[in-house]
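The structure appears right after this line, and notes come after that.
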Amino acid sequence: MLAKFLTLMPIILVPIMVFGQEESGVSPKQLNEVTVSARSSFRSENGHLIVIPDRQQKKHSFTGYDLLSNMMIPGVSVNRATGEVSALFGSVSLYINGIKATNAEVKALRPKDILSVEYYDAPTGVYAGENTVINFIVRTPETGGYGEVNAEQKVGYQKGDYGFAGKVVSQKTAIQLFGGYGMTSIAADRKNGHADYNFEEGRMIEDFLTLSGRDKSNKTYFQGDVTNSDDKRTWQASLFYDCSQSPLRSSLSQTDYSGIYSSQVRQNSHTTEFSRQGGGRLHGKLNLNSNQSIFFTTRVAVTRNDYSYMLSQSGDTDIEEIVVDNAAKENRWQMDVHAGYSKKFKHGQSLSITINNFFKNTASDYYGTNPSESKLWSNEEILFIQYVRPLSEHIMLSLMPGISALHYKQNDKKQLNFVSPRFQMRLTARLSNNHFFMVNGNIGNSFPNISYISNAEQSVNAFRLKRGNSELKNTKMYQAMGVYGYNAAKYGLQLMVMYQFNHNLPVSSFSQEGSRIIQSWTDRSDNHVVQSNVSVTYKPLQTLSLNLSGVYTCYMYSGYQRISAHSPSLSFNANYVISNFMISAEVKTPEKWMSNDLARVTTPWEYSLACNYALKNWKFELGTNNPFIKNARYYSRSYNPVFNEVFSLMARNHSQTAYLKVAYSFDWGKNVNKTKLQRTEMQIENALIKAK
C-alpha cells in the first residue's frame, strides 16, 4: 500500500503545485500530459536576483554582453559595443562562476552554456565591498571543445573586427585561447565653437572650426586561460597581451583670434599613441568545508605607453611654424591583489573579510616643448569586514566597516599618506519571491587618477598649458540609496532613488601664469548628485520583450566653482523573435551630464535597428545605427572666470552607419555548445598628461 502511494504521489502533487503557482502569475508550459510551471526570474533565499535566460535569448546572442542585454534585467544597462555595464548608479563587477572576469572573458562566454545570471544588488560573502555584481553561472562540459572565427564589418566608415576562439575541456581541466584584431579609419571629429581667455591685461577670443582630419587606429589582443576545478577547489591561471596604436590622428582647423591679440591662422595637429601591455593572473578558491572558504586573485601587468603631439600653424604668408612639439614615454608595472575569507554560521549569519592591494610604479619622460620627467609610485590598501545577520525570515541586515589607505611619492618630493574609514549598511527585505526592498548607506573615498597628480606639463597651444597637481587630497564620499524591485512572470520593475555627496572632488582649475592660461586640478570642490531611476521590463509574449527606462539626474558643484546641471532621459528596447530571426530596436533620448572638467555636455539622439539570424553553426546580424542622423553632435559648455569654452562636436562614429556580423563555430567531443566571441575593446590605462 505504501509503495503504491509513493508511486502516485508525483501525479497528485504536480497539479496541486501548478494550480498554486498560476495564481501568482507564473506562466505554465505543457509537456505531453504533465503541466510544469517555471519562472524566468526570482529572488533567492539570500536576497539576490536569479534570472534564467530562455532558449531564444541564447540562440540570438553573440556574446555574454549580448545575452545580458537581451535578458533586459530591470535597472541593468548594457552597452554591447564597449562592454560597459552599469546599475544602481555605479559600475557593475562581472564574475563567471564566482571568478572575477575581464571584458574579454565576458565576451568569450558561450551563450548556450550560460545556465543563469545572478544579480547581487546587495553583495555579500566573496563579493563583499562591490557596488553591484553580476555572476554568470556557466555549465562546463566534461569532455569536448569548440573553435570559432568571427568578423564584424562597418559600412559608412572603415572599421573591422576579426577574432578567433578555442576551448578544450578534459574532465576537471579547461584550456581556453582567444584573440583578435581590429582596425578603424574614420574622419576626425569636427569641432566648432569658441574659447574665451580672460587675461589680466584683457580678453582674447579664440574661434575655431575643424575643416578636415583623419583618425586611424588598430588593436590586437591574445589571452590564454587554464582552469582546474572540483567541489573543493578552483585554480585558474591566465596570460594576456594587448597592443593598441593610433599611428595617425590629424586635424586641420581654421582659428581666428580677436581681442588683445588678433590673428587668423590655419592649424595642423598630429597625434600618435602606442600602448603595449602584457601580464598574467592567478586565481584560487579553497572550500575548507561546506561553510568556510578562502580565495585570492593576483594580477600583474607591465605596460609601455608612447605619445606624441605636434601643433603647427600658418598665417597669411603660408609659412608653417611649429607651435607645440611634445613627446612622452611611460613605463609602468602594477600588481593587484584581492584576498578574503568567508564563513557561514547558524541561522543565516555570515562573516566575510576581504583585503585589496593596488600597487603602481610609473616613470614618464617628456620631450620637446615642455621637457620634464615624472616618477610616481602608489600603493592603496582596502580592508573590509562584513557581518550579515537576518532580523527575521525575510529581512536581512549587512554591516560592513572598513578602512582604506593610500601612499604615493612623486620624484624626490615628500611621501603623502591618506588613511580613511569606510562603512556600509544595507537593510534588505524580501517579502516574497516577487518583492524586494533595499536601503543603503555608504561612507567611502576615492583617490585621484594618477595622471591628475603628475607634476609634468604639456602645451595645448601657444596660450594654454596642462599641468598636474601632486597635492590633491583623496575624495570623501557619502551615499544614501533606496531600491524597490518587483519580478513576476511577465513583468520586471526597479525603482531607485539615490543621493551622493563628494567632498574634495578633483575638478578642472584655470589660472594665469605670464602669457599663458594653466589648466590643472584642484580639490577645493564639493559635489552633490541626485538620481532617480525607473526601469520596466514587459514580456507580453514568449517571442516579444520590451524594456523602458527613465532616469533623472541632477549635478551640483560648490566650493571652487558653483555650477549645476540636470537631465531627464529615456531609453526603449524591444526584441521580437520570428522562427530563426530576431528583430531588435533601441531608442535613447539625449541626456546631459557633467564630469570633473565642469563642462555641461549634451549627447545626441541614439537609435538602432538590427536583424539577427541563427541556424546551426552560423550566426549573422545586419544592423544600422542612427540611419537618419547625418551629423550627430555633442554640445559642451563650460565657464570659468579665467577660461571658458563653448563648442559642438560632430562625431562620425555616432552618425549613420551599418554593420554586418558573421560567426561560424564548430564543436567536437561531448556536451559542447556553440558560441560567439567578439573582440574586446581593451582600454590600457596610462598616467601621461595629454594635450588633447
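Chains: A, B, ... in order of the C-alpha cells. Residues: from 1 per chain. Ligands: from 1, in order shown.
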Excluding stretch 151-160 of chain A and any residue of its chain fewer than 5 positions from it, enumerate the residues within 10 Å of it, using only C-alpha atoms, and give them as number ranges by chain. A: 180-187, 216-218, 620-624, 652-653, 655-664, 677-679
Mind listing the strand (DSSP E or B) residues of stretch 258-364 of chain A, per DSSP on the backbone, as JSON, numbers by chain? {"A": [258, 259, 263, 264, 265, 266, 267, 268, 269, 270, 271, 272, 273, 274, 275, 276, 277, 278, 279, 280, 281, 282, 283, 284, 285, 286, 287, 292, 293, 294, 295, 296, 297, 298, 299, 300, 301, 302, 303, 304, 305, 306, 307, 308, 309, 310, 311, 312, 313, 314, 320, 321, 322, 323, 324, 325, 326, 327, 328, 329, 330, 331, 332, 333, 334, 335, 336, 337, 338, 339, 340, 341, 342, 343, 344, 350, 351, 352, 353, 354, 355, 356, 357, 358, 359, 360, 361, 362, 363, 364]}
Give me, as a tab-separated table, each residue of stretch 297-397 of chain A that comes within 12 Å of stretch 284-291 of chain A, together with its shortest interatomic pair and the distance in Å at one decimal, counting only C-alpha atoms, with rows ordered by chain and rising residue number.
```
residue	atom	partner	partner_atom	distance
A:Thr297	CA	A:Gly284	CA	6.5
A:Thr298	CA	A:Gly284	CA	9.2
A:Val337	CA	A:Gly284	CA	11.8
A:His338	CA	A:Gly284	CA	10.5
A:Ala339	CA	A:Gly284	CA	9.4
A:Gly340	CA	A:Lys285	CA	9.5
A:Tyr341	CA	A:Leu286	CA	9.8
A:Ser342	CA	A:Asn291	CA	8.0
A:Lys343	CA	A:Asn291	CA	5.5
A:Lys344	CA	A:Asn291	CA	5.0
A:Phe345	CA	A:Asn291	CA	7.4
A:Lys346	CA	A:Asn291	CA	9.7
A:Gly348	CA	A:Asn291	CA	11.0
A:Gln349	CA	A:Asn291	CA	10.8
A:Ser350	CA	A:Asn291	CA	9.1
A:Leu351	CA	A:Asn291	CA	10.5
A:Ser352	CA	A:Asn291	CA	11.6
```
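For the choices A:Asp256, A:Asp336, A:Glu471, A:Asp318, the atom-to-atom distance to A:Arg299 is smallest for A:Asp336 when using only C-alpha atoms.
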One decimal, Å: what's the distance from atom CA of A:His283 over to atom CA of A:Ile137, could you say?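 Going from atom CA of A:His283 over to atom CA of A:Ile137, I get 17.3 Å.
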